[in-house]
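A.B. asks: Pasting run.cif here (mmCIF, C-alpha atoms):
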data_input
#
loop_
_atom_site.group_PDB
_atom_site.id
_atom_site.type_symbol
_atom_site.label_atom_id
_atom_site.label_comp_id
_atom_site.auth_asym_id
_atom_site.auth_seq_id
_atom_site.Cartn_x
_atom_site.Cartn_y
_atom_site.Cartn_z
ATOM 1 C CA MET G 993 0.308 23.208 16.732
ATOM 2 C CA TYR G 994 -3.114 24.573 15.827
ATOM 3 C CA ASN G 995 -2.259 27.948 17.352
ATOM 4 C CA ALA G 996 1.029 28.062 15.438
ATOM 5 C CA LEU G 997 -0.648 27.291 12.119
ATOM 6 C CA ASN G 998 -3.556 29.672 12.579
ATOM 7 C CA ASN G 999 -2.016 32.548 14.578
ATOM 8 C CA THR G 1000 -4.435 31.949 17.433
ATOM 9 C CA GLU G 1001 -3.913 31.790 21.186
ATOM 10 C CA HIS G 1002 -6.420 29.209 22.395
ATOM 11 C CA MET G 1003 -5.496 27.867 25.831
ATOM 12 C CA ASP G 1004 -8.673 26.044 26.883
ATOM 13 C CA ASP G 1005 -8.435 22.298 26.158
ATOM 14 C CA SER G 1006 -12.194 21.939 26.521
ATOM 15 C CA LEU G 1007 -12.609 23.763 23.192
ATOM 16 C CA ILE G 1008 -11.122 20.740 21.405
ATOM 17 C CA THR G 1009 -13.229 17.780 20.349
ATOM 18 C CA ILE G 1010 -11.105 14.833 19.214
ATOM 19 C CA THR G 1011 -12.622 13.090 16.183
ATOM 20 C CA THR G 1012 -9.756 10.762 15.221
ATOM 21 C CA ILE G 1013 -10.912 7.515 13.639
ATOM 22 C CA GLU G 1014 -9.428 4.970 16.029
ATOM 23 C CA ASP G 1015 -10.948 1.802 14.602
ATOM 24 C CA ALA G 1016 -8.947 1.193 11.418
ATOM 25 C CA ILE G 1017 -11.181 -1.780 10.513
ATOM 26 C CA TYR G 1018 -14.160 0.571 10.297
ATOM 27 C CA ILE G 1019 -13.151 1.970 6.916
ATOM 28 C CA GLY G 1020 -9.790 0.331 6.343
ATOM 29 C CA TYR G 1021 -7.911 3.601 6.930
ATOM 30 C CA LYS G 1022 -6.681 5.485 9.958
ATOM 31 C CA ASN G 1023 -5.609 9.111 10.174
ATOM 32 C CA ASP G 1024 -3.047 10.449 12.655
ATOM 33 C CA ILE G 1025 -5.342 12.925 14.396
ATOM 34 C CA SER G 1026 -8.460 14.917 13.656
ATOM 35 C CA PHE G 1027 -10.250 17.367 15.900
ATOM 36 C CA ILE G 1028 -12.801 20.138 15.896
ATOM 37 C CA ILE G 1029 -11.980 23.555 17.323
ATOM 38 C CA ASN G 1030 -13.347 26.990 16.552
ATOM 39 C CA SER G 1031 -15.903 25.485 14.111
ATOM 40 C CA GLU G 1032 -13.094 23.873 12.081
ATOM 41 C CA LEU G 1033 -12.617 20.178 11.355
ATOM 42 C CA ASN G 1034 -8.844 19.672 11.292
ATOM 43 C CA LEU G 1035 -7.167 16.603 9.850
ATOM 44 C CA TYR G 1036 -3.435 16.353 10.599
ATOM 45 C CA GLU G 1037 -1.145 13.701 9.116
ATOM 46 C CA HIS G 1038 2.584 12.993 9.412
ATOM 47 C CA GLN G 1039 4.399 11.494 6.405
ATOM 48 C CA SER G 1040 8.006 10.578 5.635
ATOM 49 C CA SER G 1041 7.202 10.406 1.919
ATOM 50 C CA VAL G 1042 5.080 12.525 -0.393
ATOM 51 C CA ASN G 1043 2.170 10.510 -1.709
ATOM 52 C CA PRO G 1044 0.113 12.125 -4.499
ATOM 53 C CA ASN G 1045 -2.896 10.101 -3.323
ATOM 54 C CA MET G 1046 -3.158 11.919 0.013
ATOM 55 C CA PRO G 1047 -6.104 14.005 -1.272
ATOM 56 C CA VAL G 1048 -7.926 10.769 -2.156
ATOM 57 C CA ARG G 1049 -7.344 9.454 1.352
ATOM 58 C CA GLY G 1050 -8.481 12.805 2.710
ATOM 59 C CA LEU G 1051 -11.731 12.504 0.768
ATOM 60 C CA ILE G 1052 -12.408 9.146 2.456
ATOM 61 C CA TYR G 1053 -11.455 10.448 5.909
ATOM 62 C CA PHE G 1054 -13.582 13.578 5.640
ATOM 63 C CA ALA G 1055 -16.580 11.631 4.371
ATOM 64 C CA GLU G 1056 -16.440 9.390 7.437
ATOM 65 C CA LEU G 1057 -15.716 12.262 9.819
ATOM 66 C CA TYR G 1058 -18.654 14.316 8.539
ATOM 67 C CA LYS G 1059 -20.903 11.265 8.643
ATOM 68 C CA GLY G 1060 -19.976 10.795 12.302
ATOM 69 C CA TYR G 1061 -20.528 14.496 13.014
ATOM 70 C CA ILE G 1062 -23.965 14.448 11.386
ATOM 71 C CA ASP G 1063 -25.010 11.318 13.290
ATOM 72 C CA GLN G 1064 -23.719 12.555 16.653
ATOM 73 C CA ASN G 1065 -25.464 15.902 16.321
ATOM 74 C CA ASN G 1066 -28.698 14.455 14.896
ATOM 75 C CA LEU G 1067 -28.523 16.743 11.874
ATOM 76 C CA LEU G 1068 -31.337 16.349 9.360
ATOM 77 C CA ILE G 1069 -29.664 16.483 5.965
ATOM 78 C CA TYR G 1070 -32.858 15.543 4.098
ATOM 79 C CA ASN G 1071 -34.751 18.606 5.307
ATOM 80 C CA GLU G 1072 -34.878 21.803 3.279
ATOM 81 C CA ARG G 1073 -33.050 23.780 5.952
ATOM 82 C CA LEU G 1074 -29.291 24.106 5.290
ATOM 83 C CA VAL G 1075 -27.164 22.028 7.658
ATOM 84 C CA LYS G 1076 -24.057 23.824 8.938
ATOM 85 C CA LEU G 1077 -20.822 21.811 9.079
ATOM 86 C CA PRO G 1078 -17.392 22.639 10.528
ATOM 87 C CA PHE G 1079 -14.913 24.066 8.030
ATOM 88 C CA PRO G 1080 -12.404 21.412 6.790
ATOM 89 C CA ARG G 1081 -8.634 21.849 6.974
ATOM 90 C CA TYR G 1082 -6.207 19.119 5.902
ATOM 91 C CA VAL G 1083 -2.531 19.515 6.814
ATOM 92 C CA VAL G 1084 0.251 16.988 6.188
ATOM 93 C CA PHE G 1085 3.609 17.388 7.916
ATOM 94 C CA TYR G 1086 6.454 15.955 5.835
ATOM 95 C CA ASN G 1087 9.908 15.082 7.165
ATOM 96 C CA GLY G 1088 11.263 12.584 4.638
ATOM 97 C CA THR G 1089 14.740 12.623 3.140
ATOM 98 C CA GLU G 1090 13.709 13.648 -0.386
ATOM 99 C CA GLU G 1091 14.024 17.326 -1.291
ATOM 100 C CA GLN G 1092 10.649 19.058 -1.129
ATOM 101 C CA PRO G 1093 9.550 22.718 -1.046
ATOM 102 C CA GLU G 1094 8.695 24.241 2.309
ATOM 103 C CA GLU G 1095 5.009 24.344 1.402
ATOM 104 C CA GLN G 1096 2.901 22.968 -1.425
ATOM 105 C CA GLU G 1097 -0.677 22.039 -2.212
ATOM 106 C CA LEU G 1098 -1.930 18.689 -3.438
ATOM 107 C CA ARG G 1099 -5.376 18.594 -5.011
ATOM 108 C CA LEU G 1100 -7.836 15.780 -5.514
ATOM 109 C CA SER G 1101 -8.769 17.243 -8.905
ATOM 110 C CA ASP G 1102 -5.298 16.307 -10.208
ATOM 111 C CA ALA G 1103 -6.412 12.675 -10.037
ATOM 112 C CA PHE G 1104 -9.556 13.180 -12.120
ATOM 113 C CA VAL G 1105 -9.633 11.961 -15.707
ATOM 114 C CA GLN G 1106 -10.401 14.911 -17.962
ATOM 115 C CA VAL G 1107 -13.315 14.345 -20.333
ATOM 116 C CA PRO G 1108 -12.237 15.080 -23.950
ATOM 117 C CA GLU G 1109 -14.062 17.859 -25.762
ATOM 118 C CA GLY G 1110 -17.128 16.589 -27.547
ATOM 119 C CA GLU G 1111 -17.743 13.892 -24.928
ATOM 120 C CA GLY G 1112 -19.195 16.101 -22.233
ATOM 121 C CA LEU G 1113 -22.671 16.136 -20.757
ATOM 122 C CA LYS G 1114 -25.594 16.820 -23.073
ATOM 123 C CA ASP G 1115 -28.485 19.095 -22.265
ATOM 124 C CA THR G 1116 -32.129 18.210 -22.890
ATOM 125 C CA ALA G 1117 -31.843 19.366 -26.508
ATOM 126 C CA GLY G 1118 -28.996 16.944 -27.124
ATOM 127 C CA THR G 1119 -26.325 19.635 -27.510
ATOM 128 C CA GLU G 1120 -23.218 19.694 -25.371
ATOM 129 C CA ALA G 1121 -23.766 21.553 -22.119
ATOM 130 C CA ASP G 1122 -21.526 24.443 -21.126
ATOM 131 C CA LYS G 1123 -18.644 23.166 -18.988
ATOM 132 C CA THR G 1124 -16.538 25.100 -16.505
ATOM 133 C CA ASN G 1125 -13.959 22.285 -16.092
ATOM 134 C CA LYS G 1126 -14.419 22.586 -12.354
ATOM 135 C CA PRO G 1127 -14.939 19.265 -10.552
ATOM 136 C CA SER G 1128 -17.945 18.763 -8.314
ATOM 137 C CA VAL G 1129 -15.676 17.492 -5.535
ATOM 138 C CA GLU G 1130 -12.322 18.874 -4.376
ATOM 139 C CA VAL G 1131 -9.911 18.201 -1.506
ATOM 140 C CA VAL G 1132 -6.861 20.399 -0.936
ATOM 141 C CA VAL G 1133 -3.919 19.193 1.142
ATOM 142 C CA GLN G 1134 -1.540 21.717 2.673
ATOM 143 C CA LEU G 1135 1.814 19.912 2.693
ATOM 144 C CA LEU G 1136 4.394 21.418 5.055
ATOM 145 C CA ASN G 1137 8.056 20.437 5.098
ATOM 146 C CA ILE G 1138 9.108 20.174 8.759
ATOM 147 C CA ASN G 1139 12.691 19.063 8.190
ATOM 148 C CA TYR G 1140 15.126 21.044 10.297
ATOM 149 C CA GLY G 1141 15.755 24.434 8.699
ATOM 150 C CA CYS G 1142 12.417 24.573 6.866
ATOM 151 C CA ASN G 1143 9.391 26.695 7.800
ATOM 152 C CA GLN G 1144 11.331 28.584 10.456
ATOM 153 C CA GLU G 1145 8.459 30.920 11.298
ATOM 154 C CA LEU G 1146 6.180 27.969 12.076
ATOM 155 C CA MET G 1147 8.925 26.258 14.089
ATOM 156 C CA GLU G 1148 9.456 29.353 16.218
ATOM 157 C CA LYS G 1149 5.756 29.418 17.061
ATOM 158 C CA CYS G 1150 5.661 25.733 18.019
ATOM 159 C CA GLN G 1151 8.593 24.723 20.241
ATOM 160 C CA LYS G 1152 7.668 21.023 20.293
ATOM 161 C CA LEU G 1153 7.658 20.866 16.497
ATOM 162 C CA MET G 1154 11.074 22.535 16.406
ATOM 163 C CA GLU G 1155 12.442 20.023 18.916
ATOM 164 C CA TYR G 1156 10.940 17.084 17.021
ATOM 165 C CA SER G 1157 12.573 18.308 13.832
ATOM 166 C CA ARG G 1158 15.929 18.568 15.613
ATOM 167 C CA PHE G 1159 15.533 15.105 17.110
ATOM 168 C CA ILE G 1160 14.816 13.410 13.758
ATOM 169 C CA THR G 1161 17.810 15.176 12.235
ATOM 170 C CA LEU G 1162 19.920 13.929 15.138
ATOM 171 C CA VAL G 1163 18.756 10.327 14.577
ATOM 172 C CA ARG G 1164 19.712 10.535 10.902
ATOM 173 C CA MET G 1165 23.109 12.041 11.684
ATOM 174 C CA LYS G 1166 23.858 9.299 14.223
ATOM 175 C CA SER G 1167 22.758 6.629 11.740
ATOM 176 C CA ASP G 1168 24.983 8.040 8.980
ATOM 177 C CA THR G 1169 27.969 8.329 11.329
ATOM 178 C CA LEU G 1170 27.594 4.762 12.631
ATOM 179 C CA THR G 1171 27.190 3.389 9.114
ATOM 180 C CA LYS G 1172 30.437 5.041 8.034
ATOM 181 C CA GLU G 1173 32.266 3.872 11.160
ATOM 182 C CA TYR G 1174 31.175 0.252 10.812
ATOM 183 C CA LYS G 1175 31.967 0.298 7.125
ATOM 184 C CA LYS G 1176 35.433 1.658 7.849
ATOM 185 C CA GLU G 1177 35.975 -1.001 10.525
ATOM 186 C CA MET G 1178 34.569 -3.624 8.107
ATOM 187 C CA LYS G 1179 32.024 -4.774 10.702
ATOM 188 C CA SER G 1180 29.064 -6.746 9.392
ATOM 189 C CA ILE G 1181 26.005 -5.205 11.064
ATOM 190 C CA ASN G 1182 22.584 -4.946 9.428
ATOM 191 C CA LYS G 1183 20.898 -1.619 8.829
ATOM 192 C CA LYS G 1184 18.201 -2.089 11.456
ATOM 193 C CA GLU G 1185 20.742 -2.751 14.214
ATOM 194 C CA ILE G 1186 22.642 0.377 13.187
ATOM 195 C CA PHE G 1187 19.424 2.409 13.181
ATOM 196 C CA ALA G 1188 18.408 1.082 16.607
ATOM 197 C CA GLU G 1189 21.795 2.090 18.039
ATOM 198 C CA ALA G 1190 21.463 5.509 16.380
ATOM 199 C CA VAL G 1191 18.047 6.026 17.978
ATOM 200 C CA ALA G 1192 19.399 5.147 21.427
ATOM 201 C CA LEU G 1193 22.327 7.558 21.056
ATOM 202 C CA ALA G 1194 20.049 10.320 19.707
ATOM 203 C CA ILE G 1195 17.616 9.923 22.610
ATOM 204 C CA ASP G 1196 20.437 10.190 25.173
ATOM 205 C CA GLU G 1197 21.863 13.298 23.514
ATOM 206 C CA ALA G 1198 18.435 14.910 23.051
ATOM 207 C CA ILE G 1199 17.550 14.456 26.720
ATOM 208 C CA ARG G 1200 20.933 15.881 27.700
ATOM 209 C CA ASP G 1201 20.373 18.913 25.458
ATOM 210 C CA ASN G 1202 16.755 19.400 26.624
ATOM 211 C CA VAL G 1203 15.268 18.442 23.241
ATOM 212 C CA LEU G 1204 11.873 16.743 23.760
ATOM 213 C CA LYS G 1205 13.224 15.912 27.205
ATOM 214 C CA ASP G 1206 9.821 15.462 28.870
ATOM 215 C CA ILE G 1207 8.505 13.169 26.115
ATOM 216 C CA LEU G 1208 11.666 11.122 25.622
ATOM 217 C CA SER G 1209 12.229 10.647 29.363
ATOM 218 C CA LYS G 1210 8.724 9.321 29.964
ATOM 219 C CA ASN G 1211 8.137 7.508 26.676
ATOM 220 C CA MET G 1212 11.567 6.316 25.570
ATOM 221 C CA ALA G 1213 10.373 2.788 24.727
ATOM 222 C CA GLU G 1214 7.357 4.018 22.774
ATOM 223 C CA VAL G 1215 9.423 6.503 20.758
ATOM 224 C CA THR G 1216 12.033 3.845 19.976
ATOM 225 C CA ASP G 1217 9.346 1.377 18.920
ATOM 226 C CA MET G 1218 7.667 4.008 16.722
ATOM 227 C CA LEU G 1219 10.903 4.845 14.910
ATOM 228 C CA LEU G 1220 11.857 1.187 14.432
ATOM 229 C CA THR G 1221 8.368 0.402 13.141
ATOM 230 C CA GLU G 1222 8.681 3.236 10.621
ATOM 231 C CA PHE G 1223 12.110 1.880 9.654
ATOM 232 C CA ASP G 1224 10.602 -1.573 9.058
ATOM 233 C CA GLU G 1225 7.801 -0.091 6.970
ATOM 234 C CA LYS G 1226 10.284 1.811 4.801
ATOM 235 C CA ALA G 1227 12.431 -1.291 4.380
ATOM 236 C CA TYR G 1228 9.351 -3.311 3.456
ATOM 237 C CA ILE G 1229 8.194 -0.769 0.889
ATOM 238 C CA GLU G 1230 11.666 -0.529 -0.616
ATOM 239 C CA GLY G 1231 11.829 -4.331 -0.730
ATOM 240 C CA VAL G 1232 8.482 -4.554 -2.486
ATOM 241 C CA LYS G 1233 9.557 -1.924 -5.010
ATOM 242 C CA LYS G 1234 12.811 -3.763 -5.676
ATOM 243 C CA GLN G 1235 11.039 -7.101 -6.030
ATOM 244 C CA SER G 1236 8.433 -5.608 -8.366
ATOM 245 C CA TYR G 1237 11.177 -4.052 -10.485
ATOM 246 C CA GLU G 1238 13.105 -7.319 -10.670
ATOM 247 C CA GLU G 1239 9.965 -9.300 -11.494
ATOM 248 C CA GLY G 1240 8.994 -6.758 -14.129
ATOM 249 C CA GLU G 1241 12.479 -6.855 -15.608
ATOM 250 C CA ALA G 1242 12.466 -10.657 -15.644
ATOM 251 C CA SER G 1243 8.959 -10.713 -17.101
ATOM 252 C CA GLY G 1244 9.947 -8.236 -19.787
ATOM 253 C CA LYS G 1245 12.986 -10.323 -20.631
ATOM 254 C CA ALA G 1246 10.849 -13.468 -20.792
ATOM 255 C CA ARG G 1247 8.325 -11.742 -23.052
ATOM 256 C CA GLY G 1248 11.163 -10.623 -25.280
ATOM 257 C CA GLU G 1249 12.514 -14.164 -25.461
ATOM 258 C CA ASP G 1250 9.047 -15.545 -26.229
ATOM 259 C CA LYS G 1251 8.583 -12.961 -28.956
ATOM 260 C CA LEU G 1252 11.941 -13.872 -30.483
ATOM 261 C CA ALA G 1253 11.042 -17.582 -30.329
ATOM 262 C CA ARG G 1254 7.735 -16.950 -32.118
ATOM 263 C CA LEU G 1255 9.559 -14.967 -34.798
ATOM 264 C CA VAL G 1256 12.066 -17.779 -35.393
ATOM 265 C CA VAL G 1257 9.236 -20.341 -35.614
ATOM 266 C CA GLU G 1258 7.388 -18.185 -38.131
ATOM 267 C CA LEU G 1259 10.493 -17.734 -40.264
ATOM 268 C CA LYS G 1260 11.076 -21.480 -40.291
ATOM 269 C CA LYS G 1261 7.469 -22.087 -41.352
ATOM 270 C CA ARG G 1262 7.915 -19.733 -44.271
ATOM 271 C CA GLY G 1263 11.156 -21.383 -45.305
ATOM 272 C CA ARG G 1264 13.169 -18.252 -44.606
ATOM 273 C CA VAL G 1265 15.854 -19.967 -42.554
ATOM 274 C CA GLU G 1266 18.499 -17.578 -43.839
ATOM 275 C CA ASP G 1267 16.624 -14.666 -42.213
ATOM 276 C CA ILE G 1268 16.875 -16.292 -38.776
ATOM 277 C CA ALA G 1269 20.569 -15.455 -38.724
ATOM 278 C CA LYS G 1270 19.687 -11.823 -39.311
ATOM 279 C CA VAL G 1271 17.582 -11.538 -36.135
ATOM 280 C CA THR G 1272 19.611 -13.797 -33.816
ATOM 281 C CA ASP G 1273 23.222 -14.568 -33.028
ATOM 282 C CA GLU G 1274 24.631 -18.064 -32.675
ATOM 283 C CA GLY G 1275 24.203 -18.156 -28.904
ATOM 284 C CA GLU G 1276 20.556 -17.078 -29.103
ATOM 285 C CA ARG G 1277 19.817 -19.675 -31.775
ATOM 286 C CA GLU G 1278 21.319 -22.461 -29.665
ATOM 287 C CA ARG G 1279 19.290 -21.366 -26.624
ATOM 288 C CA LEU G 1280 16.065 -21.088 -28.605
ATOM 289 C CA TYR G 1281 16.548 -24.480 -30.180
ATOM 290 C CA ARG G 1282 17.287 -25.966 -26.756
ATOM 291 C CA GLU G 1283 14.630 -24.218 -24.591
ATOM 292 C CA PHE G 1284 11.788 -24.011 -27.133
ATOM 293 C CA ASN G 1285 12.659 -27.115 -29.154
ATOM 294 C CA ILE G 1286 12.453 -25.114 -32.366
#
Take the structure in this file and express it as structure tokens.

C.D. replies:
Amino acid sequence: MYNALNNTEHMDDSLITITTIEDAIYIGYKNDISFIINSELNLYEHQSSVNPNMPVRGLIYFAELYKGYIDQNNLLIYNERLVKLPFPRYVVFYNGTEEQPEEQELRLSDAFVQVPEGEGLKDTAGTEADKTNKPSVEVVVQLLNINYGCNQELMEKCQKLMEYSRFITLVRMKSDTLTKEYKKEMKSINKKEIFAEAVALAIDEAIRDNVLKDILSKNMAEVTDMLLTEFDEKAYIEGVKKQSYEEGEASGKARGEDKLARLVVELKKRGRVEDIAKVTDEGERERLYREFNI
């Protein structure tokens, strides 16, 4: 993958130093893989959704990775001599179902609150200092769409990535086909069971067609578990979103009802009973009188 991204031809595994943060409890986050090669600190992530906060996460990851590098190499950052650090590269591979460009950049600076003019830093004379509007800290994420048919040049350079892209597409096709079949046959089967069956069928077909054959043959259970875990995570996130929306909608409705009740009470206090009919209908008035004892 590194060779494909950087047009290199490294073949010696000993050149790679794995720096992946394995202990998630250490900082509360865990990246997919990070490694040092050719004086570069590479952080690779895989995502099925585009999260605008990936640069923020990258900032946290890199801070911890550089801290570990400095400690392991006994670098003296408080001395006057400049400490040399490996060059950072942050790449996220996206294969979600939402339409995304083949390549895009996400920047940490997009998250920064811009200071309004006139509220900037002051110099020693009390006048506003000259600003360049450039942040002191920046993280740039290279987001690559690896859905089948995207980034063909990269895919041709990395056969495993091409096969992975084909395999995920195959899983989705099997899932869609099964869903339609069961719907047509009016069979009551939940989405996870359909997805699990789709994964099994996709694995069999992929092995038969020599797509990720070595990986799928040896690690069929692990691959299945990984995909089902991702399915559960998506379902959970979608469920949380739906619940939050419903709670927000219910809360908004309740606030609206409370506001209407307060208005009716105020009108009654002022003796403007005739105006109540202007802001409510008969059904609303009956409910307000019943629920709020107005």

A.B. asks: Which residues come within 12 Å of Lys1059 in chain G, counting all atoms listed in the file, excluding same-chain residues fewer than 5 positions away, as a list of chain:residue names?

C.D. replies: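 Neighbouring residues, sequence-local ones excluded: G:Thr1011, G:Ile1013, G:Ile1052, G:Tyr1053, G:Phe1054, G:Gln1064, G:Asn1065, G:Asn1066, G:Leu1067, G:Leu1068, G:Ile1069, G:Leu1077.
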
A.B. asks: Report the residues retrieved by the PyMOL selection byres ((chain G and resi 1144-1160) around 7) from the displayed file, expressed as number ranges by chain.

C.D. replies: G: 993, 996-997, 1138-1143, 1161-1164, 1198, 1203-1204

A.B. asks: Would you compute the distance between CA of Leu1208 in chain G and CA of Tyr994 in chain G? Give it in Å to one decimal.

C.D. replies: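 Between these atoms lies a distance of 22.3 Å.
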
A.B. asks: Choose the residue, out of G:Thr1171, G:Asn1137, G:Ser1101, G:Ser1128, that has the smallest atom-to-atom separation from Phe1187 in chain G; count all atoms listed in the file.

C.D. replies: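 Smallest distance to Phe1187 in chain G is found for G:Thr1171.
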
A.B. asks: CA of Glu1094 in chain G and CA of Ser1026 in chain G are how many Å apart?

C.D. replies: 22.6 Å

A.B. asks: So, with only C-alpha atoms as the atoms that count, which of G:Ser1041, G:Met1165, G:Glu1072, G:Leu1252 lies closest to Thr1272 in chain G?

C.D. replies: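 Selected residue with least distance to Thr1272 in chain G: G:Leu1252.
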
A.B. asks: Work out how far CA of Tyr1061 in chain G is from CA of Asn998 in chain G, in Å to one decimal.

C.D. replies: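 CA of Asn998 in chain G sits 22.8 Å away from CA of Tyr1061 in chain G.
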
A.B. asks: Determine, counting only C-alpha atoms, which protein, DNA and RNA residues have an atom within 12 Å of an atom of Met1212 in chain G; residues of the same chain fewer than 3 positions away are not included. Present the result as a PyMOL selection string.

C.D. replies: chain G and resi 1191-1196+1198-1199+1204-1209+1215-1219
